[in-house]
Amino acid sequence: MTKQRCMVLLTFITLFLAACGGGAPAAPTEPPPTPTPSGDKVAGEQAFLASCSSCHGADARGLPGVGKDLVASEFTTEISDDELLTFIKNGRPTGDPANTTGIDMPPKGGNPAITDQQILDIIAFLRSIHE
């Protein structure tokens, strides 16, 4: 192979690698999503009893006209932990068309001191008792 052909081939390879990012993997355009920390179902049961049971019952089966049955609830299984965390933090006012009880679910179940981790613990508990 002549020197000129080698230079052409080398130039072609260099341009090809530059166009392909030099053979290095492309940097991600967005950082990967941060997974939601998981909850502790044992701690979640205690937090549920302290913050949620007055409307949803100590057994999470709901209280008629006050709070929904969370054991058989499809709602709690159809959404992700992140979505359920957001829902519990925001609550559901009576003006929300999805509110079928006619009673506000206050943000954080009415306990402004409850932490995200405690809510995640409650979610873990709810997931563990779901039928």
# chains A, B, ... in the order shown; residues from 1 in each chain; ligands from 1
call {"tool": "residues_around", "arguments": {"residues": "Ala50 of chain A", "least_positions_apart": "3", "cutoff": "12 Å", "atoms": "only C-alpha atoms", "output": "PyMOL selection string"}}
result
chain A and resi 43-47+53-58+108-111+113-114+118-119+122
call {"tool": "select_by_dssp", "arguments": {"residues": "segment 50-95 of chain A", "states": "alpha helix (DSSP H)", "output": "number ranges by chain"}}
result
A: 50-51, 53-56, 75-78, 81-90
call {"tool": "write_last_selection", "arguments": {"atoms": "C-alpha atoms", "output": "short mmCIF file (atom, residue, chain, number, x, y, z; two decimals), in the first residue's frame"}}
result
data_model
loop_
_atom_site.label_atom_id
_atom_site.label_comp_id
_atom_site.auth_asym_id
_atom_site.auth_seq_id
_atom_site.Cartn_x
_atom_site.Cartn_y
_atom_site.Cartn_z
CA ALA A 50 -51.01 7.14 63.79
CA SER A 51 -51.93 9.16 60.71
CA SER A 53 -56.51 4.95 60.60
CA SER A 54 -58.97 7.58 61.84
CA CYS A 55 -60.45 7.68 58.31
CA HIS A 56 -59.31 4.42 56.75
CA PHE A 75 -56.22 2.95 42.93
CA THR A 76 -53.29 2.22 45.22
CA THR A 77 -52.01 -0.56 42.97
CA GLU A 78 -52.49 1.24 39.66
CA ASP A 81 -44.87 4.74 44.65
CA ASP A 82 -43.82 8.20 43.40
CA GLU A 83 -47.38 8.97 42.29
CA LEU A 84 -48.86 7.66 45.54
CA LEU A 85 -46.34 9.69 47.56
CA THR A 86 -47.38 12.84 45.67
CA PHE A 87 -51.07 11.99 46.11
CA ILE A 88 -50.76 11.53 49.86
CA LYS A 89 -48.69 14.71 50.20
CA ASN A 90 -51.30 16.73 48.26
#
call {"tool": "closest_residue", "arguments": {"among": "A:Glu131, A:Ala98, A:Ala60, A:Ile123", "to": "Ile79 of chain A", "atoms": "only C-alpha atoms"}}
result
A:Ile123
call {"tool": "residues_around", "arguments": {"residues": "Ile129 of chain A", "least_positions_apart": "2", "cutoff": "10 Å", "atoms": "only C-alpha atoms", "output": "number ranges by chain"}}
result
A: 41, 45, 59-60, 70-72, 124-127, 131
call {"tool": "atom_distance", "arguments": {"atom1": "atom CA of Thr94 of chain A", "atom2": "atom CA of Thr115 of chain A"}}
result
23.9 Å
call {"tool": "residues_around", "arguments": {"residues": "Pro106 of chain A", "least_positions_apart": "6", "cutoff": "8 Å", "atoms": "only C-alpha atoms", "output": "short mmCIF file (atom, residue, chain, number, x, y, z; two decimals) with N, CA and C atoms, in the first residue's frame"}}
result
data_model
loop_
_atom_site.label_atom_id
_atom_site.label_comp_id
_atom_site.auth_asym_id
_atom_site.auth_seq_id
_atom_site.Cartn_x
_atom_site.Cartn_y
_atom_site.Cartn_z
N ASN A 90 -50.37 15.69 48.71
CA ASN A 90 -51.30 16.73 48.26
C ASN A 90 -52.72 16.54 48.77
N GLY A 91 -53.11 15.32 49.06
CA GLY A 91 -54.47 15.04 49.49
C GLY A 91 -55.45 15.12 48.32
N ARG A 92 -56.74 15.07 48.64
CA ARG A 92 -57.78 15.18 47.62
C ARG A 92 -58.95 15.97 48.19
N PRO A 93 -59.14 17.20 47.71
CA PRO A 93 -60.24 18.02 48.23
C PRO A 93 -61.60 17.53 47.71
#
